[in-house]
$ cat entry-v5.cif   # mmCIF, C-alpha atoms and all ligand atoms
data_entry
#
loop_
_atom_site.label_atom_id
_atom_site.label_comp_id
_atom_site.auth_asym_id
_atom_site.auth_seq_id
_atom_site.Cartn_x
_atom_site.Cartn_y
_atom_site.Cartn_z
CA MET K 1 0.00 0.00 0.00
CA ASP K 2 1.76 3.17 -1.23
CA ILE K 3 0.49 6.25 0.59
CA SER K 4 2.09 9.65 0.28
CA SER K 5 -0.25 12.63 -0.24
CA GLU K 6 -2.22 14.27 2.56
CA GLN K 7 -5.48 13.22 0.92
CA GLU K 8 -4.34 9.58 0.79
CA LEU K 9 -3.26 9.71 4.43
CA ARG K 10 -6.62 11.15 5.45
CA GLN K 11 -8.46 8.41 3.52
CA LEU K 12 -6.28 5.74 5.15
CA ALA K 13 -6.94 7.21 8.62
CA ASP K 14 -10.71 7.09 7.94
CA GLN K 15 -10.44 3.45 6.87
CA LEU K 16 -8.36 2.46 9.90
CA ARG K 17 -11.04 4.09 12.09
CA LYS K 18 -13.93 2.40 10.31
CA PRO K 19 -13.10 0.26 7.26
CA GLU K 20 -15.77 0.61 4.57
CA GLY K 21 -16.32 -0.58 0.99
CA ALA K 22 -13.72 -2.20 -1.26
CA TYR K 23 -10.89 -0.05 0.12
CA GLY K 24 -11.97 -1.05 3.64
CA SER K 25 -11.54 -4.76 2.93
CA GLU K 26 -8.11 -4.05 1.41
CA VAL K 27 -7.13 -2.06 4.53
CA ALA K 28 -8.38 -4.89 6.75
CA LYS K 29 -6.04 -7.35 4.99
CA PHE K 30 -3.17 -4.86 5.29
CA MET K 31 -3.88 -4.61 9.06
CA ASN K 32 -3.79 -8.40 9.44
CA GLU K 33 -0.24 -8.37 8.07
CA GLY K 34 1.01 -5.20 9.73
CA ASN K 35 -0.55 -5.99 13.11
CA LEU K 36 0.22 -9.72 13.10
CA PRO K 37 2.89 -9.68 15.87
CA MET K 38 0.71 -7.31 17.92
CA ASN K 39 -2.38 -9.51 17.64
CA LEU K 40 -0.39 -12.65 18.50
CA HIS K 41 1.20 -10.98 21.54
CA ALA K 42 -2.16 -9.69 22.74
CA LEU K 43 -3.78 -13.12 22.33
CA ALA K 44 -0.90 -14.74 24.23
CA VAL K 45 -1.55 -12.36 27.14
CA LEU K 46 -5.32 -12.94 26.83
CA ASN K 47 -4.60 -16.66 27.24
CA PRO K 48 -8.08 -17.92 26.27
CA SER K 49 -8.88 -20.96 28.38
CA ALA K 50 -11.40 -23.81 28.34
CA GLY K 51 -14.99 -22.74 29.00
CA GLU K 52 -14.36 -19.01 28.68
CA SER K 53 -16.50 -16.51 26.81
CA ILE K 54 -14.42 -13.87 25.03
CA LEU K 55 -15.73 -10.61 23.58
CA GLU K 56 -13.56 -8.69 21.12
CA ILE K 57 -14.23 -5.07 20.18
CA GLY K 58 -13.01 -4.09 16.70
CA MET K 59 -12.01 -7.47 15.26
CA GLY K 60 -11.58 -6.07 11.72
CA ASN K 61 -12.18 -8.90 9.24
CA GLY K 62 -11.98 -11.53 11.99
CA TYR K 63 -8.74 -13.07 10.72
CA PHE K 64 -7.44 -13.86 14.24
CA VAL K 65 -10.65 -15.40 15.63
CA LYS K 66 -9.39 -18.88 14.72
CA ASN K 67 -6.30 -18.29 16.91
CA ILE K 68 -8.68 -18.05 19.88
CA LEU K 69 -11.26 -20.69 19.01
CA ASN K 70 -8.80 -23.39 17.86
CA LEU K 71 -7.30 -23.45 21.36
CA ASP K 72 -10.20 -25.33 22.92
CA PRO K 73 -13.65 -26.41 21.66
CA SER K 74 -15.36 -25.04 24.79
CA ILE K 75 -14.27 -21.42 24.20
CA HIS K 76 -16.97 -19.03 22.90
CA TYR K 77 -16.31 -15.80 21.00
CA ILE K 78 -18.38 -12.67 20.36
CA GLY K 79 -17.10 -9.99 17.96
CA CYS K 80 -18.35 -6.40 18.03
CA ASP K 81 -17.48 -3.87 15.31
CA TYR K 82 -19.30 -0.74 14.19
CA SER K 83 -18.34 -1.29 10.54
CA PRO K 84 -21.01 -3.31 8.66
CA GLU K 85 -18.35 -4.52 6.19
CA MET K 86 -16.13 -5.85 8.99
CA VAL K 87 -19.05 -7.71 10.58
CA GLU K 88 -19.91 -9.22 7.19
CA LEU K 89 -16.32 -10.25 6.40
CA SER K 90 -15.75 -11.64 9.91
CA SER K 91 -18.92 -13.70 9.58
CA GLU K 92 -17.83 -15.04 6.16
CA ASN K 93 -14.31 -15.82 7.41
CA ASN K 94 -15.62 -17.66 10.48
CA GLN K 95 -18.76 -19.33 9.12
CA ASN K 96 -17.57 -22.72 10.46
CA PHE K 97 -17.43 -21.39 14.04
CA ILE K 98 -20.81 -19.66 13.66
CA ASP K 99 -22.33 -22.96 12.45
CA GLN K 100 -20.88 -24.70 15.51
CA GLY K 101 -22.54 -22.09 17.75
CA ARG K 102 -19.16 -20.93 19.04
CA ALA K 103 -18.94 -17.48 17.44
CA ARG K 104 -21.26 -14.59 16.69
CA PHE K 105 -20.61 -11.12 15.33
CA PHE K 106 -22.69 -7.98 15.65
CA MET K 107 -22.55 -4.39 14.53
CA ALA K 108 -22.52 -1.84 17.35
CA ASP K 109 -20.48 0.92 18.85
CA ALA K 110 -18.54 -0.42 21.83
CA SER K 111 -20.25 2.13 24.08
CA ALA K 112 -23.63 0.37 23.63
CA MET K 113 -23.35 -3.36 23.00
CA PRO K 114 -26.29 -5.77 22.80
CA VAL K 115 -24.66 -8.12 25.32
CA GLU K 116 -26.13 -9.34 28.62
CA ASP K 117 -24.90 -7.88 31.90
CA HIS K 118 -22.02 -9.79 33.54
CA SER K 119 -21.92 -12.54 30.92
CA ILE K 120 -18.34 -12.36 29.58
CA ASP K 121 -15.10 -13.67 31.14
CA LYS K 122 -12.66 -11.59 29.09
CA VAL K 123 -13.02 -8.53 26.85
CA ILE K 124 -10.18 -7.70 24.46
CA THR K 125 -9.64 -4.83 22.08
CA ILE K 126 -6.60 -4.20 19.86
CA ASN K 127 -5.90 -0.86 18.17
CA THR K 128 -9.32 0.68 18.74
CA LEU K 129 -8.86 3.04 21.71
CA TYR K 130 -7.65 5.81 19.36
CA PHE K 131 -11.11 5.94 17.77
CA TRP K 132 -13.45 5.78 20.77
CA GLU K 133 -15.74 8.81 20.84
CA ASN K 134 -16.52 8.45 24.54
CA VAL K 135 -13.86 6.62 26.54
CA HIS K 136 -15.73 6.74 29.86
CA ALA K 137 -19.01 5.40 28.44
CA THR K 138 -17.11 2.64 26.61
CA LEU K 139 -15.17 1.54 29.69
CA ALA K 140 -18.41 1.54 31.71
CA GLU K 141 -20.01 -0.64 29.02
CA ILE K 142 -17.08 -3.08 29.10
CA LYS K 143 -17.44 -3.30 32.89
CA ARG K 144 -21.16 -3.91 32.54
CA VAL K 145 -20.71 -6.97 30.30
CA LEU K 146 -17.83 -8.52 32.28
CA LYS K 147 -18.53 -11.16 34.93
CA PRO K 148 -17.34 -10.60 38.51
CA ASN K 149 -13.55 -11.10 38.46
CA GLY K 150 -13.61 -10.76 34.66
CA THR K 151 -10.68 -9.08 32.90
CA PHE K 152 -10.37 -6.38 30.26
CA TYR K 153 -7.35 -6.48 27.89
CA LEU K 154 -6.53 -3.26 26.07
CA ALA K 155 -3.78 -3.46 23.42
CA VAL K 156 -2.36 -0.29 21.87
CA ARG K 157 0.81 0.98 20.33
CA PRO K 158 2.53 3.50 22.62
CA LYS K 159 1.88 7.21 22.03
CA HIS K 160 5.49 8.07 21.09
CA ILE K 161 5.43 5.50 18.27
CA LEU K 162 1.99 6.50 16.96
CA LYS K 163 2.88 10.20 17.07
CA ALA K 164 5.73 9.56 14.62
CA LEU K 165 3.36 8.00 12.04
CA PRO K 166 1.96 10.64 9.63
CA VAL K 167 -1.46 8.94 9.43
CA THR K 168 -2.22 9.52 13.13
CA LYS K 169 -2.46 13.31 12.55
CA PHE K 170 -5.87 12.68 11.01
CA GLY K 171 -8.19 12.19 13.95
CA PHE K 172 -6.40 9.60 16.12
CA LYS K 173 -6.76 10.25 19.85
CA LEU K 174 -3.46 9.34 21.51
CA TYR K 175 -3.07 8.66 25.23
CA ASN K 176 0.15 8.17 27.17
CA ASN K 177 0.71 5.39 29.68
CA ASP K 178 -0.21 7.49 32.75
CA LYS K 179 -3.45 8.64 31.12
CA ILE K 180 -4.48 5.07 30.26
CA PHE K 181 -3.86 3.94 33.85
CA GLU K 182 -5.85 6.96 35.08
CA MET K 183 -8.79 6.22 32.73
CA LEU K 184 -8.94 2.56 33.73
CA ARG K 185 -8.79 3.38 37.45
CA PHE K 186 -11.35 6.17 37.08
CA ALA K 187 -13.68 3.59 35.50
CA ASP K 188 -13.18 1.57 38.70
CA PHE K 189 -11.15 -1.25 37.19
CA GLN K 190 -8.80 -2.88 39.67
CA ASP K 191 -5.34 -4.48 39.65
CA VAL K 192 -4.41 -2.56 36.50
CA MET K 193 -1.22 -3.97 34.97
CA MET K 194 0.79 -3.22 31.84
CA THR K 195 2.99 -5.45 29.68
CA SER K 196 5.15 -4.01 26.92
CA ILE K 197 6.58 -6.05 24.05
CA VAL K 198 9.13 -4.77 21.53
CA GLU K 199 8.46 -6.15 18.05
CA PRO K 200 11.08 -7.05 15.42
CA THR K 201 12.17 -3.96 13.43
CA ILE K 202 10.33 -3.68 10.11
CA GLU K 203 11.14 -1.73 6.94
CA ARG K 204 8.51 0.48 5.21
CA HIS K 205 9.36 2.58 2.14
CA GLY K 206 13.08 2.17 2.86
CA GLU K 207 12.69 3.35 6.47
CA ARG K 208 13.30 1.15 9.50
CA MET K 209 10.47 1.21 12.06
CA ASN K 210 10.59 0.06 15.65
CA LEU K 211 7.18 -1.10 16.78
CA GLU K 212 6.00 -1.96 20.23
CA THR K 213 2.80 -3.39 21.70
CA VAL K 214 1.48 -2.34 25.08
CA ILE K 215 -1.19 -4.48 26.72
CA TYR K 216 -3.12 -3.29 29.78
CA GLN K 217 -4.99 -5.78 31.94
CA ALA K 218 -7.68 -4.53 34.29
CA LYS K 219 -10.01 -6.52 36.51
CA VAL K 220 -13.59 -6.08 37.58
CA GLY K 221 -14.04 -6.60 41.31
CA GLY K 222 -15.44 -9.81 42.79
CA GLU K 223 -18.79 -8.21 43.59
CA VAL K 224 -20.67 -6.25 40.96
CA SER K 225 -23.52 -3.90 41.65
CA VAL K 226 -26.84 -4.71 40.05
CA ALA K 227 -28.65 -1.64 38.71
C1 LIG R 1 -7.45 -0.12 13.32
S1 LIG R 1 -8.67 -1.38 13.15
C2 LIG R 1 -7.94 -2.68 14.15
C3 LIG R 1 -8.30 -4.07 13.70
C4 LIG R 1 -7.63 -5.18 14.51
N1 LIG R 1 -8.11 -5.18 15.88
C5 LIG R 1 -6.13 -5.03 14.48
O1 LIG R 1 -5.53 -4.60 15.47
O2 LIG R 1 -5.54 -5.36 13.46
C6 LIG R 1 -9.99 -0.79 14.20
C7 LIG R 1 -11.23 -1.67 14.14
O3 LIG R 1 -12.06 -1.34 15.25
C8 LIG R 1 -13.35 -0.94 14.82
N2 LIG R 1 -13.79 0.08 15.79
C9 LIG R 1 -13.15 1.25 16.08
N3 LIG R 1 -13.81 1.91 17.04
C10 LIG R 1 -14.89 1.17 17.37
C11 LIG R 1 -15.98 1.36 18.29
N4 LIG R 1 -16.07 2.45 19.05
N5 LIG R 1 -16.92 0.39 18.37
C12 LIG R 1 -16.85 -0.73 17.58
N6 LIG R 1 -15.85 -0.94 16.67
C13 LIG R 1 -14.88 -0.01 16.58
C14 LIG R 1 -13.16 -0.47 13.38
O4 LIG R 1 -14.34 -0.56 12.60
C15 LIG R 1 -12.05 -1.43 12.90
O5 LIG R 1 -12.58 -2.65 12.42
#

$ encode --input "entry-v5.cif" --output "structure tokens" --more "lines below"
Ligand SMILES: C[S@@+](CC[C@H](N)C(=O)[O-])C[C@H]1O[C@@H](n2cnc3c(N)ncnc32)[C@H](O)[C@@H]1O
Amino acid sequence: MDISSEQELRQLADQLRKPEGAYGSEVAKFMNEGNLPMNLHALAVLNPSAGESILEIGMGNGYFVKNILNLDPSIHYIGCDYSPEMVELSSENNQNFIDQGRARFFMADASAMPVEDHSIDKVITINTLYFWENVHATLAEIKRVLKPNGTFYLAVRPKHILKALPVTKFGFKLYNNDKIFEMLRFADFQDVMMTSIVEPTIERHGERMNLETVIYQAKVGGEVSVA
């Protein structure tokens, strides 16, 4: 994908935020390649285990769903994305798991998900925080769907790396480490932890890039209030 002009960067930023149409499905494939180490690291930290229900926010075209569901036949997966194209592609790419009753995908903003209260063991999201319109409402929604003692996994690239990428000038909201801890604690998550993984250096357009994945883990308390 060769991107150079401001207009092309703006279009790419829009597609990363919400992939749409033919260009959106191309961008989704490009993300699967570019974010492969990040997704694998995040899923290793997620450590999906037998019997668990996992909800992912912003699964793109659902390429990595198999990496979760192939681990154990008793794991269940729900994918939420506000892009109709991504929900459609994820459903196509994971039809076998849908047929087995182990996966479902729906279109919604993460701040209002059609998911039962306290029904999910683990919520994960990778590379979506930059696009959330309302961080506090979204974190409250994630807490609402998690079971007591459930865990939220938030994977992002660190602010200093994103800031150096020209595309992030076009509407990405970037948060530093302290701010992310503060937001998670303000939302009343507990035992907030961070793991940072340096990825192998890659080359893009003749330039060497050092990438890094940061994964936050945050727990819901053992007792949850019922509204
Ligand atoms: C940059 S892509 C990341 C895809 C994949 N997780 C990855 O890391 O390769 C962001 C994805 O999250 C979705 N998304 C962003 N904000 C969202 C929100 N508030 N609610 C639901 N989906 C969202 C977009 O439609 C897109 O599919």

$ atom_distance --input "entry-v5.cif" --atom1 "CA of Leu46 (chain K)" --atom2 "CA of Asn134 (chain K)"
24.3 Å

$ closest_atom_pairs --input "entry-v5.cif" --of "chain K" --to "ligand LIG 1 (chain R)" --cutoff "8 Å" --atoms "all atoms listed in the file" --output "Markdown table"
| residue | atom | partner | partner_atom | distance |
| --- | --- | --- | --- | --- |
| K:Gln15 | CA | R:LIG1 | C15 | 7.9 |
| K:Leu16 | CA | R:LIG1 | C1 | 4.4 |
| K:Arg17 | CA | R:LIG1 | C14 | 5.2 |
| K:Lys18 | CA | R:LIG1 | O4 | 3.8 |
| K:Pro19 | CA | R:LIG1 | O4 | 5.5 |
| K:Ala28 | CA | R:LIG1 | C3 | 7.0 |
| K:Met31 | CA | R:LIG1 | O2 | 4.8 |
| K:Asn32 | CA | R:LIG1 | O2 | 5.3 |
| K:Gly34 | CA | R:LIG1 | O2 | 7.5 |
| K:Asn35 | CA | R:LIG1 | O2 | 5.0 |
| K:Leu36 | CA | R:LIG1 | O2 | 7.2 |
| K:Met38 | CA | R:LIG1 | O1 | 7.2 |
| K:Asn39 | CA | R:LIG1 | O1 | 6.2 |
| K:Ile57 | CA | R:LIG1 | N6 | 5.7 |
| K:Gly58 | CA | R:LIG1 | O3 | 3.3 |
| K:Met59 | CA | R:LIG1 | N1 | 4.6 |
| K:Gly60 | CA | R:LIG1 | O5 | 3.6 |
| K:Asn61 | CA | R:LIG1 | O5 | 7.0 |
| K:Cys80 | CA | R:LIG1 | C12 | 5.9 |
| K:Asp81 | CA | R:LIG1 | N6 | 3.6 |
| K:Tyr82 | CA | R:LIG1 | C12 | 4.2 |
| K:Ser83 | CA | R:LIG1 | O4 | 4.6 |
| K:Met86 | CA | R:LIG1 | O5 | 5.9 |
| K:Met107 | CA | R:LIG1 | C12 | 7.4 |
| K:Ala108 | CA | R:LIG1 | C12 | 5.8 |
| K:Asp109 | CA | R:LIG1 | N5 | 3.6 |
| K:Ala110 | CA | R:LIG1 | N5 | 3.9 |
| K:Ser111 | CA | R:LIG1 | N4 | 6.5 |
| K:Thr125 | CA | R:LIG1 | N1 | 6.4 |
| K:Ile126 | CA | R:LIG1 | N1 | 4.4 |
| K:Asn127 | CA | R:LIG1 | O1 | 4.6 |
| K:Thr128 | CA | R:LIG1 | C9 | 4.7 |
| K:Leu129 | CA | R:LIG1 | N3 | 6.9 |
| K:Tyr130 | CA | R:LIG1 | N3 | 7.7 |
| K:Phe131 | CA | R:LIG1 | N3 | 4.9 |
| K:Trp132 | CA | R:LIG1 | N4 | 4.6 |
| K:Glu133 | CA | R:LIG1 | N4 | 6.6 |
| K:Thr138 | CA | R:LIG1 | N4 | 7.6 |

$ atom_distance --input "entry-v5.cif" --atom1 "CA of Asn94 (chain K)" --atom2 "CA of Pro48 (chain K)"
17.5 Å

$ atom_distance --input "entry-v5.cif" --atom1 "CA of Asp14 (chain K)" --atom2 "CA of His136 (chain K)"
22.5 Å

$ closest_residue --input "entry-v5.cif" --among "K:Lys66, K:Arg157, K:Arg104, K:Lys122" --to "Ser196 (chain K)" --atoms "only C-alpha atoms"
K:Arg157

$ residues_around --input "entry-v5.cif" --residues "Tyr216 (chain K)" --least-positions-apart "5" --cutoff "7 Å" --atoms "all atoms listed in the file" --output "NGL selection string"
:K and (153-155 or 192-195)

$ write_last_selection --input "entry-v5.cif" --atoms "C-alpha atoms" --output "compact mmCIF listing (two decimals), in the frame of the given file"
# COMPACT_ATOMS: atom_id res chain seq x y z
CA TYR K 153 -7.35 -6.48 27.89
CA LEU K 154 -6.53 -3.26 26.07
CA ALA K 155 -3.78 -3.46 23.42
CA VAL K 192 -4.41 -2.56 36.50
CA MET K 193 -1.22 -3.97 34.97
CA MET K 194 0.79 -3.22 31.84
CA THR K 195 2.99 -5.45 29.68

$ closest_residue --input "entry-v5.cif" --among "K:Ala103, K:Val198, K:Leu71, K:Ile142" --to "Ile120 (chain K)" --atoms "all atoms listed in the file"
K:Ile142

$ residues_around --input "entry-v5.cif" --residues "Glu212 (chain K)" --least-positions-apart "2" --cutoff "7 Å" --atoms "all atoms listed in the file" --output "NGL selection string"
:K and (157-158 or 197-199 or 210 or 214)

$ residues_around --input "entry-v5.cif" --residues "region 160-173 of chain K" --least-positions-apart "6" --cutoff "6 Å" --atoms "only C-alpha atoms" --output "JSON, numbers by chain"
{"K": [9, 10, 13, 130]}

$ axis_aligned_box --input "entry-v5.cif" --around "region 121-137 of chain K" --padding-each-side "5 Å" --output "lines of an AutoDock Vina configuration file"
center_x = -12.5
center_y = -2.4
center_z = 24.5
size_x = 23.1
size_y = 32.5
size_z = 23.4

$ residues_near_point --input "entry-v5.cif" --point "(-1.2, -12.7, 29.8)" --cutoff "9 Å" --atoms "all atoms listed in the file" --output "list in words"
His41, Ala42, Leu43, Ala44, Val45, Leu46, Asn47, Tyr153, Thr195, Ile215 and Gln217 of chain K

$ closest_residue --input "entry-v5.cif" --among "K:Asn176, K:Ser90, K:Ile54, K:Arg208" --to "Ser119 (chain K)" --atoms "all atoms listed in the file"
K:Ile54

$ closest_residue --input "entry-v5.cif" --among "K:Glu33, K:Asp72, K:Glu203, K:Glu6" --to "Arg102 (chain K)" --atoms "only C-alpha atoms"
K:Asp72

$ build_atoms --input "entry-v5.cif" --residues "region 145-179 of chain K" --atoms "N, CA and C atoms" --output "PDB file, in the frame of the given file"
ATOM      1  N   VAL K 145     -20.551  -5.636  30.897  1.00  0.00           N
ATOM      2  CA  VAL K 145     -20.710  -6.970  30.300  1.00  0.00           C
ATOM      3  C   VAL K 145     -19.795  -8.015  30.949  1.00  0.00           C
ATOM      4  N   LEU K 146     -18.762  -7.556  31.667  1.00  0.00           N
ATOM      5  CA  LEU K 146     -17.830  -8.520  32.280  1.00  0.00           C
ATOM      6  C   LEU K 146     -18.436  -9.171  33.529  1.00  0.00           C
ATOM      7  N   LYS K 147     -18.101 -10.455  33.708  1.00  0.00           N
ATOM      8  CA  LYS K 147     -18.530 -11.160  34.930  1.00  0.00           C
ATOM      9  C   LYS K 147     -17.721 -10.643  36.121  1.00  0.00           C
ATOM     10  N   PRO K 148     -18.178 -10.890  37.342  1.00  0.00           N
ATOM     11  CA  PRO K 148     -17.340 -10.600  38.510  1.00  0.00           C
ATOM     12  C   PRO K 148     -15.991 -11.302  38.333  1.00  0.00           C
ATOM     13  N   ASN K 149     -14.921 -10.605  38.655  1.00  0.00           N
ATOM     14  CA  ASN K 149     -13.550 -11.100  38.460  1.00  0.00           C
ATOM     15  C   ASN K 149     -13.147 -11.236  36.989  1.00  0.00           C
ATOM     16  N   GLY K 150     -13.966 -10.740  36.073  1.00  0.00           N
ATOM     17  CA  GLY K 150     -13.610 -10.760  34.660  1.00  0.00           C
ATOM     18  C   GLY K 150     -12.482  -9.767  34.372  1.00  0.00           C
ATOM     19  N   THR K 151     -11.849  -9.924  33.215  1.00  0.00           N
ATOM     20  CA  THR K 151     -10.680  -9.080  32.900  1.00  0.00           C
ATOM     21  C   THR K 151     -10.835  -8.412  31.537  1.00  0.00           C
ATOM     22  N   PHE K 152     -10.404  -7.163  31.499  1.00  0.00           N
ATOM     23  CA  PHE K 152     -10.370  -6.380  30.260  1.00  0.00           C
ATOM     24  C   PHE K 152      -8.921  -6.285  29.791  1.00  0.00           C
ATOM     25  N   TYR K 153      -8.685  -6.553  28.494  1.00  0.00           N
ATOM     26  CA  TYR K 153      -7.350  -6.480  27.890  1.00  0.00           C
ATOM     27  C   TYR K 153      -7.388  -5.399  26.809  1.00  0.00           C
ATOM     28  N   LEU K 154      -6.554  -4.400  26.985  1.00  0.00           N
ATOM     29  CA  LEU K 154      -6.530  -3.260  26.070  1.00  0.00           C
ATOM     30  C   LEU K 154      -5.149  -3.202  25.421  1.00  0.00           C
ATOM     31  N   ALA K 155      -5.074  -3.470  24.102  1.00  0.00           N
ATOM     32  CA  ALA K 155      -3.780  -3.460  23.420  1.00  0.00           C
ATOM     33  C   ALA K 155      -3.669  -2.246  22.517  1.00  0.00           C
ATOM     34  N   VAL K 156      -2.587  -1.501  22.681  1.00  0.00           N
ATOM     35  CA  VAL K 156      -2.360  -0.290  21.870  1.00  0.00           C
ATOM     36  C   VAL K 156      -0.878  -0.228  21.500  1.00  0.00           C
ATOM     37  N   ARG K 157      -0.588   0.632  20.539  1.00  0.00           N
ATOM     38  CA  ARG K 157       0.810   0.980  20.330  1.00  0.00           C
ATOM     39  C   ARG K 157       1.073   2.228  21.171  1.00  0.00           C
ATOM     40  N   PRO K 158       2.285   2.357  21.737  1.00  0.00           N
ATOM     41  CA  PRO K 158       2.530   3.500  22.620  1.00  0.00           C
ATOM     42  C   PRO K 158       2.463   4.838  21.876  1.00  0.00           C
ATOM     43  N   LYS K 159       2.113   5.880  22.629  1.00  0.00           N
ATOM     44  CA  LYS K 159       1.880   7.210  22.030  1.00  0.00           C
ATOM     45  C   LYS K 159       3.101   7.701  21.242  1.00  0.00           C
ATOM     46  N   HIS K 160       4.316   7.510  21.777  1.00  0.00           N
ATOM     47  CA  HIS K 160       5.490   8.070  21.090  1.00  0.00           C
ATOM     48  C   HIS K 160       5.691   7.426  19.711  1.00  0.00           C
ATOM     49  N   ILE K 161       5.296   6.170  19.574  1.00  0.00           N
ATOM     50  CA  ILE K 161       5.430   5.500  18.270  1.00  0.00           C
ATOM     51  C   ILE K 161       4.330   5.980  17.316  1.00  0.00           C
ATOM     52  N   LEU K 162       3.109   6.068  17.823  1.00  0.00           N
ATOM     53  CA  LEU K 162       1.990   6.500  16.960  1.00  0.00           C
ATOM     54  C   LEU K 162       2.184   7.945  16.490  1.00  0.00           C
ATOM     55  N   LYS K 163       2.698   8.777  17.408  1.00  0.00           N
ATOM     56  CA  LYS K 163       2.880  10.200  17.070  1.00  0.00           C
ATOM     57  C   LYS K 163       3.813  10.390  15.882  1.00  0.00           C
ATOM     58  N   ALA K 164       4.744   9.447  15.708  1.00  0.00           N
ATOM     59  CA  ALA K 164       5.730   9.560  14.620  1.00  0.00           C
ATOM     60  C   ALA K 164       5.152   9.075  13.283  1.00  0.00           C
ATOM     61  N   LEU K 165       3.960   8.488  13.298  1.00  0.00           N
ATOM     62  CA  LEU K 165       3.360   8.000  12.040  1.00  0.00           C
ATOM     63  C   LEU K 165       2.463   9.081  11.453  1.00  0.00           C
ATOM     64  N   PRO K 166       2.719   9.513  10.208  1.00  0.00           N
ATOM     65  CA  PRO K 166       1.960  10.640   9.630  1.00  0.00           C
ATOM     66  C   PRO K 166       0.452  10.429   9.661  1.00  0.00           C
ATOM     67  N   VAL K 167      -0.018   9.183   9.528  1.00  0.00           N
ATOM     68  CA  VAL K 167      -1.460   8.940   9.430  1.00  0.00           C
ATOM     69  C   VAL K 167      -2.203   9.326  10.722  1.00  0.00           C
ATOM     70  N   THR K 168      -1.522   9.291  11.855  1.00  0.00           N
ATOM     71  CA  THR K 168      -2.220   9.520  13.130  1.00  0.00           C
ATOM     72  C   THR K 168      -2.590  10.999  13.341  1.00  0.00           C
ATOM     73  N   LYS K 169      -2.073  11.884  12.447  1.00  0.00           N
ATOM     74  CA  LYS K 169      -2.460  13.310  12.550  1.00  0.00           C
ATOM     75  C   LYS K 169      -3.944  13.488  12.213  1.00  0.00           C
ATOM     76  N   PHE K 170      -4.506  12.509  11.514  1.00  0.00           N
ATOM     77  CA  PHE K 170      -5.870  12.680  11.010  1.00  0.00           C
ATOM     78  C   PHE K 170      -6.900  11.998  11.912  1.00  0.00           C
ATOM     79  N   GLY K 171      -7.073  12.585  13.094  1.00  0.00           N
ATOM     80  CA  GLY K 171      -8.190  12.190  13.950  1.00  0.00           C
ATOM     81  C   GLY K 171      -7.929  11.081  14.948  1.00  0.00           C
ATOM     82  N   PHE K 172      -6.685  10.613  15.076  1.00  0.00           N
ATOM     83  CA  PHE K 172      -6.400   9.600  16.120  1.00  0.00           C
ATOM     84  C   PHE K 172      -6.311  10.311  17.469  1.00  0.00           C
ATOM     85  N   LYS K 173      -6.915   9.706  18.505  1.00  0.00           N
ATOM     86  CA  LYS K 173      -6.760  10.250  19.850  1.00  0.00           C
ATOM     87  C   LYS K 173      -5.679   9.421  20.546  1.00  0.00           C
ATOM     88  N   LEU K 174      -4.599  10.078  20.949  1.00  0.00           N
ATOM     89  CA  LEU K 174      -3.460   9.340  21.510  1.00  0.00           C
ATOM     90  C   LEU K 174      -3.356   9.612  23.007  1.00  0.00           C
ATOM     91  N   TYR K 175      -3.140   8.556  23.771  1.00  0.00           N
ATOM     92  CA  TYR K 175      -3.070   8.660  25.230  1.00  0.00           C
ATOM     93  C   TYR K 175      -1.735   8.083  25.693  1.00  0.00           C
ATOM     94  N   ASN K 176      -1.090   8.754  26.647  1.00  0.00           N
ATOM     95  CA  ASN K 176       0.150   8.170  27.170  1.00  0.00           C
ATOM     96  C   ASN K 176      -0.178   7.149  28.268  1.00  0.00           C
ATOM     97  N   ASN K 177       0.871   6.480  28.719  1.00  0.00           N
ATOM     98  CA  ASN K 177       0.710   5.390  29.680  1.00  0.00           C
ATOM     99  C   ASN K 177      -0.015   5.851  30.958  1.00  0.00           C
ATOM    100  N   ASP K 178       0.400   7.004  31.494  1.00  0.00           N
ATOM    101  CA  ASP K 178      -0.210   7.490  32.750  1.00  0.00           C
ATOM    102  C   ASP K 178      -1.706   7.736  32.549  1.00  0.00           C
ATOM    103  N   LYS K 179      -2.042   8.312  31.395  1.00  0.00           N
ATOM    104  CA  LYS K 179      -3.450   8.640  31.120  1.00  0.00           C
ATOM    105  C   LYS K 179      -4.287   7.359  31.023  1.00  0.00           C
TER     106      LYS K 179
END
